[in-house]
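For reference, start.tsv (TSV, C-alpha atoms (C1' of nucleotides)):
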chain	number	residue	atom	x	y	z
A	13	MET	CA	0.00	0.00	0.00
A	14	ARG	CA	2.77	2.39	0.79
A	15	THR	CA	5.49	2.94	-1.75
A	16	THR	CA	6.53	6.20	-0.17
A	17	ASP	CA	5.64	7.25	3.34
A	18	LEU	CA	2.63	9.16	2.14
A	19	LEU	CA	-0.85	7.92	2.91
A	20	THR	CA	-3.84	7.47	0.63
A	21	VAL	CA	-7.34	8.54	1.54
A	22	SER	CA	-8.33	5.08	2.57
A	23	ASP	CA	-5.19	4.76	4.68
A	24	VAL	CA	-6.06	7.95	6.48
A	25	ALA	CA	-9.71	7.03	6.68
A	26	GLU	CA	-8.93	3.74	8.34
A	27	ARG	CA	-6.39	5.16	10.74
A	28	SER	CA	-8.29	8.29	11.67
A	29	GLY	CA	-11.76	6.85	11.73
A	30	PHE	CA	-13.08	9.57	9.45
A	31	ALA	CA	-14.87	8.54	6.27
A	32	PRO	CA	-13.14	9.37	3.01
A	33	SER	CA	-15.97	11.73	2.20
A	34	ALA	CA	-15.34	13.55	5.46
A	35	LEU	CA	-11.65	13.85	4.64
A	36	ARG	CA	-12.44	15.38	1.27
A	37	PHE	CA	-14.89	17.69	2.95
A	38	TYR	CA	-12.27	18.74	5.49
A	39	GLU	CA	-9.87	19.47	2.68
A	40	ARG	CA	-12.43	21.57	0.88
A	41	ILE	CA	-12.96	23.75	3.92
A	42	GLY	CA	-9.23	24.00	4.50
A	43	LEU	CA	-9.09	21.98	7.68
A	44	VAL	CA	-6.54	19.49	6.43
A	45	HIS	CA	-4.17	19.50	3.50
A	46	ALA	CA	-3.06	16.88	1.00
A	47	THR	CA	-0.63	16.84	-1.88
A	48	ARG	CA	-1.52	15.18	-5.15
A	49	THR	CA	0.00	12.46	-7.29
A	50	THR	CA	0.49	13.05	-10.99
A	51	GLY	CA	-2.85	11.30	-11.41
A	52	ASN	CA	-4.51	13.81	-9.06
A	53	GLN	CA	-4.98	11.43	-6.16
A	54	ARG	CA	-4.59	12.70	-2.63
A	55	ARG	CA	-1.50	11.83	-0.63
A	56	TYR	CA	-1.41	12.72	3.03
A	57	GLU	CA	1.53	13.29	5.27
A	58	ARG	CA	1.64	11.37	8.47
A	59	SER	CA	1.16	14.54	10.47
A	60	VAL	CA	-2.39	14.82	9.21
A	61	LEU	CA	-3.30	11.99	11.56
A	62	ARG	CA	-2.47	14.07	14.59
A	63	ARG	CA	-4.40	16.97	13.17
A	64	LEU	CA	-7.37	14.73	12.63
A	65	ALA	CA	-6.99	13.34	16.11
A	66	PHE	CA	-7.22	16.86	17.43
A	67	ILE	CA	-10.29	17.52	15.35
A	68	ARG	CA	-12.00	14.42	16.63
A	69	ALA	CA	-11.18	15.24	20.22
A	70	ALA	CA	-12.41	18.79	19.72
A	71	ARG	CA	-15.67	17.53	18.28
A	72	ASN	CA	-16.01	15.17	21.23
A	73	VAL	CA	-15.69	18.06	23.58
A	74	GLY	CA	-18.37	19.91	21.67
A	75	LEU	CA	-16.44	22.27	19.43
A	76	SER	CA	-17.66	23.07	15.96
A	77	LEU	CA	-15.39	22.58	13.00
A	78	ASP	CA	-15.03	26.34	12.82
A	79	GLU	CA	-13.78	26.46	16.37
A	80	ALA	CA	-11.44	23.56	15.75
A	81	ALA	CA	-10.14	25.34	12.66
A	82	ALA	CA	-9.57	28.50	14.64
A	83	ALA	CA	-7.62	26.58	17.24
A	84	LEU	CA	-5.54	24.83	14.60
A	85	ALA	CA	-4.79	28.17	13.01
A	86	THR	CA	-2.87	29.20	16.12
A	87	LEU	CA	-0.32	26.47	15.60
A	88	PRO	CA	3.14	27.77	14.66
A	89	ASP	CA	3.90	28.12	11.00
A	90	GLY	CA	7.53	27.24	10.51
A	91	ARG	CA	8.06	24.24	12.74
A	92	PRO	CA	6.06	21.10	13.34
A	93	PRO	CA	3.83	21.40	16.39
A	94	THR	CA	5.19	20.10	19.64
A	95	ARG	CA	3.35	18.22	22.30
A	96	ALA	CA	3.19	21.46	24.23
A	97	ASP	CA	1.41	23.08	21.31
A	98	TRP	CA	-1.26	20.42	21.27
A	99	ALA	CA	-1.61	20.57	25.03
A	100	ARG	CA	-2.10	24.32	24.87
A	101	LEU	CA	-4.93	23.93	22.39
A	102	SER	CA	-6.86	21.55	24.58
A	103	ARG	CA	-6.25	23.36	27.84
A	104	GLY	CA	-9.53	25.27	27.76
A	105	TRP	CA	-11.56	22.18	27.21
A	106	ARG	CA	-11.76	21.21	30.84
A	107	ARG	CA	-13.55	24.39	31.77
A	108	ARG	CA	-15.92	23.93	28.90
A	109	LEU	CA	-16.75	20.43	30.03
A	110	ASP	CA	-17.14	21.59	33.62
A	111	ASP	CA	-19.63	24.18	32.47
A	112	GLN	CA	-21.57	21.67	30.43
A	113	ILE	CA	-21.66	19.27	33.34
A	114	GLY	CA	-22.78	22.01	35.69
A	115	ALA	CA	-25.61	23.04	33.42
A	116	LEU	CA	-26.86	19.48	33.17
A	117	GLN	CA	-26.60	18.98	36.92
A	118	ARG	CA	-28.63	22.07	37.64
A	119	LEU	CA	-31.18	20.89	35.15
A	120	ARG	CA	-31.34	17.51	36.85
A	121	ASP	CA	-31.66	19.03	40.27
A	122	GLY	CA	-34.47	21.22	39.03
A	123	LEU	CA	-36.08	18.12	37.66
A	124	ASP	CA	-35.84	16.43	41.05
A	125	SER	CA	-37.85	19.19	42.61
A	126	CYS	CA	-40.41	19.04	39.82
A	127	ILE	CA	-40.91	15.42	39.09
A	128	GLY	CA	-43.22	14.64	41.95
A	129	CYS	CA	-45.61	17.44	41.22
A	130	GLY	CA	-45.85	17.14	37.46
A	131	CYS	CA	-46.10	20.86	37.38
A	132	LEU	CA	-43.99	21.97	34.48
A	133	SER	CA	-45.25	25.39	35.34
A	134	LEU	CA	-44.53	27.95	32.71
A	135	LYS	CA	-43.25	30.50	35.17
A	136	THR	CA	-41.65	28.64	38.02
A	137	CYS	CA	-40.53	25.20	36.95
A	138	ALA	CA	-36.77	24.80	36.72
A	139	VAL	CA	-37.03	22.25	33.96
A	140	GLN	CA	-39.16	24.71	32.06
A	141	ASN	CA	-36.82	27.61	32.51
A	142	PRO	CA	-33.30	26.54	33.35
A	143	ALA	CA	-31.67	29.93	33.56
A	144	ASP	CA	-28.23	28.69	32.71
A	145	VAL	CA	-28.90	26.35	29.87
A	146	ALA	CA	-28.23	28.81	27.12
A	147	GLN	CA	-30.87	29.31	24.54
A	148	VAL	CA	-29.38	28.69	21.17
A	149	ARG	CA	-29.92	31.11	18.34
A	150	GLY	CA	-30.84	30.19	14.83
A	151	PRO	CA	-33.02	27.49	13.42
A	152	GLY	CA	-32.76	23.86	14.15
A	153	ALA	CA	-31.15	24.27	17.51
A	154	ALA	CA	-32.35	22.98	20.83
A	155	TYR	CA	-31.21	23.62	24.35
A	156	LEU	CA	-29.35	20.47	25.01
A	157	PRO	CA	-27.25	17.62	23.64
A	158	ALA	CA	-29.19	16.12	20.81
A	159	PRO	CA	-26.33	13.73	20.07
A	160	LEU	CA	-26.34	12.34	23.56
A	161	ARG	CA	-29.70	10.91	22.77
A	162	ALA	CA	-27.92	8.16	20.94
A	163	VAL	CA	-26.64	6.96	24.29
A	164	HIS	CA	-30.15	5.66	24.82
A	165	ALA	CA	-31.61	5.31	21.40
A	166	ARG	CA	-30.43	1.87	20.44
A	167	ARG	CA	-30.01	0.93	16.78
B	17	MET	CA	-58.14	40.10	23.42
B	18	ARG	CA	-60.22	37.28	24.76
B	19	THR	CA	-63.90	37.26	24.00
B	20	THR	CA	-64.19	33.55	24.72
B	21	ASP	CA	-61.67	31.57	26.72
B	22	LEU	CA	-59.89	30.43	23.59
B	23	LEU	CA	-56.42	31.70	22.81
B	24	THR	CA	-55.05	33.12	19.58
B	25	VAL	CA	-51.66	32.20	18.16
B	26	SER	CA	-50.02	35.28	19.53
B	27	ASP	CA	-51.58	34.63	22.94
B	28	VAL	CA	-50.13	31.16	22.95
B	29	ALA	CA	-46.85	32.34	21.50
B	30	GLU	CA	-46.42	34.89	24.24
B	31	ARG	CA	-47.44	32.56	27.05
B	32	SER	CA	-45.56	29.51	25.86
B	33	GLY	CA	-42.46	31.20	24.57
B	34	PHE	CA	-42.72	29.44	21.22
B	35	ALA	CA	-42.75	31.53	18.07
B	36	PRO	CA	-45.99	31.53	16.10
B	37	SER	CA	-44.17	29.83	13.27
B	38	ALA	CA	-43.17	27.06	15.65
B	39	LEU	CA	-46.76	26.66	16.80
B	40	ARG	CA	-47.94	26.31	13.23
B	41	PHE	CA	-45.16	23.84	12.60
B	42	TYR	CA	-46.14	21.83	15.66
B	43	GLU	CA	-49.69	21.73	14.44
B	44	ARG	CA	-48.60	20.51	11.01
B	45	ILE	CA	-46.72	17.60	12.54
B	46	GLY	CA	-49.61	16.81	14.83
B	47	LEU	CA	-47.93	17.78	18.07
B	48	VAL	CA	-50.59	20.25	19.14
B	49	HIS	CA	-54.12	20.87	18.02
B	50	ALA	CA	-56.18	24.00	17.38
B	51	THR	CA	-59.73	24.65	16.28
B	52	ARG	CA	-60.53	27.31	13.73
B	53	THR	CA	-62.74	30.38	13.64
B	54	THR	CA	-65.08	30.93	10.73
B	55	GLY	CA	-62.32	33.08	9.29
B	56	ASN	CA	-59.88	30.15	9.51
B	57	GLN	CA	-57.85	31.55	12.34
B	58	ARG	CA	-56.45	29.22	14.97
B	59	ARG	CA	-58.00	29.12	18.42
B	60	TYR	CA	-56.23	27.19	21.14
B	61	GLU	CA	-57.63	25.69	24.26
B	62	ARG	CA	-55.92	26.55	27.48
B	63	SER	CA	-54.66	22.99	27.87
B	64	VAL	CA	-52.32	23.47	24.95
B	65	LEU	CA	-50.13	25.55	27.22
B	66	ARG	CA	-49.43	22.60	29.45
B	67	ARG	CA	-48.72	20.47	26.46
B	68	LEU	CA	-46.29	23.03	25.15
B	69	ALA	CA	-44.70	23.28	28.57
B	70	PHE	CA	-44.08	19.56	28.42
B	71	ILE	CA	-42.59	19.86	24.97
B	72	ARG	CA	-40.23	22.59	26.06
B	73	ALA	CA	-39.14	20.68	29.12
B	74	ALA	CA	-38.61	17.57	27.01
B	75	ARG	CA	-36.48	19.51	24.56
B	76	ASN	CA	-34.48	20.94	27.45
B	77	VAL	CA	-33.74	17.47	28.64
B	78	GLY	CA	-32.59	16.51	25.18
B	79	LEU	CA	-35.58	14.74	23.66
B	80	SER	CA	-36.40	15.12	20.00
B	81	LEU	CA	-39.84	16.25	18.94
B	82	ASP	CA	-40.49	12.70	17.83
B	83	GLU	CA	-39.75	11.41	21.29
B	84	ALA	CA	-41.85	14.13	22.88
B	85	ALA	CA	-44.69	13.22	20.53
B	86	ALA	CA	-44.36	9.56	21.45
B	87	ALA	CA	-44.55	10.42	25.12
B	88	LEU	CA	-47.55	12.67	24.62
B	89	ALA	CA	-49.26	9.88	22.71
B	90	THR	CA	-49.33	7.80	25.88
B	91	LEU	CA	-51.60	10.29	27.61
B	92	PRO	CA	-55.11	8.97	28.22
B	93	ASP	CA	-57.69	9.62	25.57
B	94	GLY	CA	-60.97	10.26	27.29
B	95	ARG	CA	-60.07	12.39	30.27
B	96	PRO	CA	-57.82	15.40	30.69
B	97	PRO	CA	-54.34	14.44	31.91
B	98	THR	CA	-53.73	14.59	35.61
B	99	ARG	CA	-50.64	15.79	37.39
B	100	ALA	CA	-49.74	12.14	37.86
B	101	ASP	CA	-49.84	11.65	34.11
B	102	TRP	CA	-47.39	14.46	33.51
B	103	ALA	CA	-45.14	13.24	36.30
B	104	ARG	CA	-45.09	9.78	34.78
B	105	LEU	CA	-43.94	11.16	31.45
B	106	SER	CA	-41.00	12.98	32.95
B	107	ARG	CA	-39.96	10.25	35.33
B	108	GLY	CA	-37.38	8.76	32.97
B	109	TRP	CA	-35.67	12.06	32.43
B	110	ARG	CA	-33.58	11.92	35.53
B	111	ARG	CA	-31.84	8.77	34.37
B	112	ARG	CA	-31.25	10.31	31.00
B	113	LEU	CA	-29.68	13.35	32.55
B	114	ASP	CA	-27.59	11.20	34.86
B	115	ASP	CA	-26.28	9.32	31.87
B	116	GLN	CA	-25.48	12.49	30.01
B	117	ILE	CA	-23.69	13.90	33.03
B	118	GLY	CA	-21.76	10.68	33.48
B	119	ALA	CA	-20.62	10.64	29.88
B	120	LEU	CA	-19.36	14.20	30.13
B	121	GLN	CA	-17.61	13.51	33.41
B	122	ARG	CA	-15.79	10.54	31.99
B	123	LEU	CA	-14.78	12.64	29.04
B	124	ARG	CA	-13.48	15.34	31.36
B	125	ASP	CA	-11.58	12.87	33.47
B	126	GLY	CA	-10.03	11.41	30.35
B	127	LEU	CA	-9.08	14.90	29.36
B	128	ASP	CA	-7.40	15.44	32.71
B	129	SER	CA	-5.14	12.50	32.07
B	130	CYS	CA	-4.40	13.69	28.56
B	131	ILE	CA	-4.02	17.40	28.79
B	132	GLY	CA	-0.52	17.47	30.11
B	133	CYS	CA	0.90	15.20	27.50
B	134	GLY	CA	-0.80	16.60	24.43
B	135	CYS	CA	-0.94	13.09	23.13
B	136	LEU	CA	-4.37	12.75	21.58
B	137	SER	CA	-3.16	9.32	20.59
B	138	LEU	CA	-5.40	7.65	18.11
B	139	LYS	CA	-5.42	4.38	19.98
B	140	THR	CA	-5.13	5.15	23.63
B	141	CYS	CA	-6.29	8.69	24.38
B	142	ALA	CA	-9.54	8.84	26.29
B	143	VAL	CA	-10.54	12.12	24.71
B	144	GLN	CA	-9.96	10.54	21.35
B	145	ASN	CA	-11.96	7.43	22.09
B	146	PRO	CA	-14.39	7.91	24.92
B	147	ALA	CA	-15.87	4.46	24.98
B	148	ASP	CA	-19.17	5.57	26.38
B	149	VAL	CA	-19.87	8.67	24.41
B	150	ALA	CA	-21.95	7.00	21.79
B	151	GLN	CA	-21.06	7.50	18.19
B	152	VAL	CA	-24.03	8.96	16.46
B	153	ARG	CA	-25.19	7.57	13.16
B	154	GLY	CA	-26.24	9.59	10.20
B	155	PRO	CA	-25.02	12.83	8.76
B	156	GLY	CA	-24.46	16.00	10.63
B	157	ALA	CA	-24.07	14.41	13.99
B	158	ALA	CA	-21.18	14.73	16.37
B	159	TYR	CA	-20.40	13.06	19.62
B	160	LEU	CA	-21.44	15.73	22.00
B	161	PRO	CA	-23.71	18.67	22.79
B	162	ALA	CA	-23.35	21.15	19.99
B	163	PRO	CA	-25.98	23.37	21.58
B	164	LEU	CA	-24.08	23.65	24.81
B	165	ARG	CA	-21.50	25.59	22.87
B	166	ALA	CA	-23.74	28.58	23.21
B	167	VAL	CA	-22.91	28.62	26.90
B	168	HIS	CA	-19.59	30.04	25.83
B	169	ALA	CA	-20.11	31.46	22.41
B	170	ARG	CA	-21.13	35.00	23.23
B	171	ARG	CA	-23.14	37.07	20.78
C	7	DC	C1'	-3.02	-5.38	-21.53
C	8	DT	C1'	-6.81	-6.18	-19.10
C	9	DT	C1'	-9.33	-5.96	-15.10
C	10	DG	C1'	-10.87	-4.56	-10.76
C	11	DT	C1'	-10.44	-1.76	-6.93
C	12	DA	C1'	-9.65	2.70	-5.40
C	13	DG	C1'	-9.70	7.32	-6.48
C	14	DT	C1'	-11.53	11.87	-8.70
C	15	DT	C1'	-15.14	15.75	-9.30
C	16	DG	C1'	-19.25	18.75	-8.52
C	17	DA	C1'	-23.80	18.92	-7.42
C	18	DA	C1'	-27.32	17.57	-4.74
C	19	DG	C1'	-29.32	15.22	-0.73
C	20	DT	C1'	-29.87	14.39	4.44
C	21	DC	C1'	-31.37	15.49	9.15
C	22	DA	C1'	-34.00	18.26	12.76
C	23	DA	C1'	-36.49	21.99	13.94
C	24	DC	C1'	-37.86	25.61	12.57
C	25	DT	C1'	-37.88	30.42	9.99
C	26	DT	C1'	-38.69	33.33	6.11
C	27	DG	C1'	-41.09	35.10	2.27
C	28	DA	C1'	-44.61	35.93	-1.01
C	29	DG	C1'	-49.12	36.74	-1.69
C	30	DG	C1'	-53.53	36.96	0.20
C	31	DT	C1'	-57.62	37.27	3.97
C	32	DC	C1'	-60.08	39.25	7.94
C	33	DA	C1'	-61.72	42.30	11.74
C	34	DA	C1'	-61.75	46.56	14.09
C	35	DG	C1'	-60.98	51.54	14.54
C	36	DG	C1'	-61.23	56.18	12.65
D	22	DC	C1'	-64.33	53.42	3.09
D	23	DC	C1'	-59.73	52.85	4.25
D	24	DT	C1'	-56.02	51.51	6.77
D	25	DT	C1'	-53.63	48.79	10.04
D	26	DG	C1'	-52.30	44.80	12.10
D	27	DA	C1'	-52.95	40.14	12.96
D	28	DC	C1'	-53.70	36.09	10.70
D	29	DC	C1'	-53.65	32.54	6.82
D	30	DT	C1'	-51.15	29.05	3.35
D	31	DC	C1'	-47.59	26.87	0.88
D	32	DA	C1'	-43.00	26.60	-0.69
D	33	DA	C1'	-38.49	27.27	0.03
D	34	DG	C1'	-34.53	28.55	2.92
D	35	DT	C1'	-31.36	27.89	7.08
D	36	DT	C1'	-27.60	25.52	9.82
D	37	DG	C1'	-23.63	22.19	10.39
D	38	DA	C1'	-21.41	18.36	9.08
D	39	DC	C1'	-21.32	15.51	6.23
D	40	DT	C1'	-23.03	11.63	2.66
D	41	DT	C1'	-24.57	10.09	-1.73
D	42	DC	C1'	-24.62	10.02	-6.56
D	43	DA	C1'	-23.25	9.88	-11.36
D	44	DA	C1'	-19.85	9.83	-14.44
D	45	DC	C1'	-15.32	9.37	-15.02
D	46	DT	C1'	-9.96	8.28	-14.21
D	47	DA	C1'	-5.80	6.01	-12.00
D	48	DC	C1'	-3.07	2.46	-10.49
D	49	DA	C1'	-1.49	-2.27	-9.23
D	50	DA	C1'	-1.91	-7.15	-9.95
D	51	DG	C1'	-1.94	-10.88	-12.94

Step by step, read the file and then write its structure as structure tokens.
Amino acid sequence: MRTTDLLTVSDVAERSGFAPSALRFYERIGLVHATRTTGNQRRYERSVLRRLAFIRAARNVGLSLDEAAAALATLPDGRPPTRADWARLSRGWRRRLDDQIGALQRLRDGLDSCIGCGCLSLKTCAVQNPADVAQVRGPGAAYLPAPLRAVHARR
Amino acid sequence: MRTTDLLTVSDVAERSGFAPSALRFYERIGLVHATRTTGNQRRYERSVLRRLAFIRAARNVGLSLDEAAAALATLPDGRPPTRADWARLSRGWRRRLDDQIGALQRLRDGLDSCIGCGCLSLKTCAVQNPADVAQVRGPGAAYLPAPLRAVHARR
DNA sequence: CTTGTAGTTGAAGTCAACTTGAGGTCAAGG
DNA sequence: CCTTGACCTCAAGTTGACTTCAACTACAAG
């Protein structure tokens, strides 16, 4: 598979866990880079795997691709990124997760005080109006983790 | 505004916090019901407010509209729902929230063990591969709470 | 040299939950 | 009678993160 030390799409797909279509998409939006063979096929450097690893981790933590891209853009230009560089990028994630956890906990605690009464009062119920679960702007957005639903929704 | 005790769209919109367009949408998908005036305008019964309150709470907890609809479908047919009915519907939510919180905590703890090293190793890093943060099927889905991003993303 | 697998492109589709817009109706006040 | 504002419908648009498709090309094995 590997004449040089460059990787093909399917190599990268398998190793990174991203579908080939996702890799092409990421290239289109400038998130990752690939050189081309004379026949116009993509060849990836090994370093793209680490970049993709960062992207996956960022997504896991809840970042959008835009945010991940912005973070990646702060990597140094001339030299290859060091471990310290990567660590710097993910340093803020703990706080973000703490906040997310806190919001969910407050929601749950509000639920505890509501569940017996079945109130769901429009004005007073904490599950109705969790002050700190930010209302999301724009269409198609809900308050809370749609994706986490899959934790329960089998199949 | 109120000649009878029926509510107009804007009444319901204001009291429920849902936009009129959302109310119309909910009616189209059979989530709420409204009668019509001779001039074809919607008139809502007061009970729709409670129904909408349930829907909002369900969305806050992370349910889809489909799931909310399924839950609402289990309400008794002949009689108006009691407080016990509503309480029953929201009883499972605590477990759901607990699970969501747990998944995030494990992710955070994995991050703690990773952040110093900047590894993000494809095989071993917990932030890379949180075993219990379910991978979501289908397009457009990530691992974790996109909406929670708004907690940070000002503007 | 043939064959099959893997790769290419650009455009369009998917999903959820709505919103927006165009074009029209209705009821009340002045 | 006219205007204003609230309401109606139906179709299409929005968002993010991709996937799917059709039609075509490249490369390695035999």

(message) Please compute the atom CA of B:Asp82-atom C1' of D:DC42 distance, one decimal, in Å.
(response)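 Distance between the two atoms: 29.2 Å.
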
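Pairwise distance (atom C1' of D:DT46, atom C1' of C:DT14) equals 6.8 Å.
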
Can you tell me which residues surround C:DA34 at a distance of at most 10 Å, considering only C-alpha atoms (C1' of nucleotides), apart from same-chain residues fewer than 2 positions away, and format the answer as a short mmCIF file (atom, residue, chain, number, x, y, z; two decimals) with C-alpha atoms (C1' of nucleotides), in the frame of the given file?
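Resulting contents of selection_18.cif:
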data_model
loop_
_atom_site.label_atom_id
_atom_site.label_comp_id
_atom_site.auth_asym_id
_atom_site.auth_seq_id
_atom_site.Cartn_x
_atom_site.Cartn_y
_atom_site.Cartn_z
"C1'" DC C 32 -60.08 39.25 7.94
"C1'" DG C 36 -61.23 56.18 12.65
"C1'" DT D 25 -53.63 48.79 10.04
"C1'" DG D 26 -52.30 44.80 12.10
#

(request) Do me a favour and pick out the residues of chain D within 9 Å of chain A, using only C-alpha atoms (C1' of nucleotides), as a PyMOL selection string. (result) chain D and resi 35-40+46-48

(message) Report, in Å with one decimal, the straight-line distance from atom CA of B:Ala89 to atom CA of B:Val77.
(response) 18.3 Å

(request) Check the smallest atom-to-atom distance from each of D:DA44, D:DC22, D:DA27, D:DA50 to C:DT15 using only C-alpha atoms (C1' of nucleotides), then report the winner. (result)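 Ranking D:DA44, D:DC22, D:DA27, D:DA50 by distance to C:DT15, first place goes to D:DA44.
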
(message) Restricting the calculation to all atoms listed in the file: of B:Ile45, B:Ile71, B:Leu120, B:Ala50, which residue gets closest to B:Thr24?
(response)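 Ranking B:Ile45, B:Ile71, B:Leu120, B:Ala50 by distance to B:Thr24, first place goes to B:Ala50.
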
(message) as a list in words, please: the residues near D:DA43 (cut-off 12 Å, all atoms listed in the file, same-chain neighbours under 3 positions excluded).
(response)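 Here the answer would be DT15, DG16, DA17 and DA18 of chain C.
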
(request) Compile the contact shell of B:Arg122 as a ChimeraX atom specification: residues with an atom at most 8 Å away, counting all atoms listed in the file, same-chain residues fewer than 4 positions apart removed. (result) /B:118,126,146

Please, which residues in chain C fall within 12 Å of chain A when counting all atoms listed in the file, and what is the closest atom pair and distance in Å to one decimal for each, ordered by chain then residue number, as CSV?
residue,atom,partner,partner_atom,distance
C:DT11,C1',A:Ser22,CA,11.9
C:DA12,C1',A:Ser22,CA,8.4
C:DG13,C1',A:Gln53,CA,6.3
C:DT14,C1',A:Gln53,CA,7.0
C:DT15,C1',A:Asn52,CA,10.8
C:DG16,C1',A:Arg40,CA,12.0
C:DC21,C1',A:Gly152,CA,9.8
C:DA22,C1',A:Gly152,CA,5.9
C:DA23,C1',A:Gly152,CA,4.2
C:DC24,C1',A:Pro151,CA,5.3
C:DT25,C1',A:Pro151,CA,6.6
C:DT26,C1',A:Pro151,CA,10.9

Which centre and edge lengths in Å to one decimal define the box along x, y and z that fits every listed atom of stretch 14-30 of chain C plus 5 Å per side, as AutoDock Vina command-line options?
--center_x -32.5 --center_y 24.4 --center_z 2.3 --size_x 52.0 --size_y 35.1 --size_z 33.2

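The closest residue to chain A, picked from B:Val64, B:Ala69, B:Leu91, B:Val48 and counting all atoms listed in the file, is B:Ala69.
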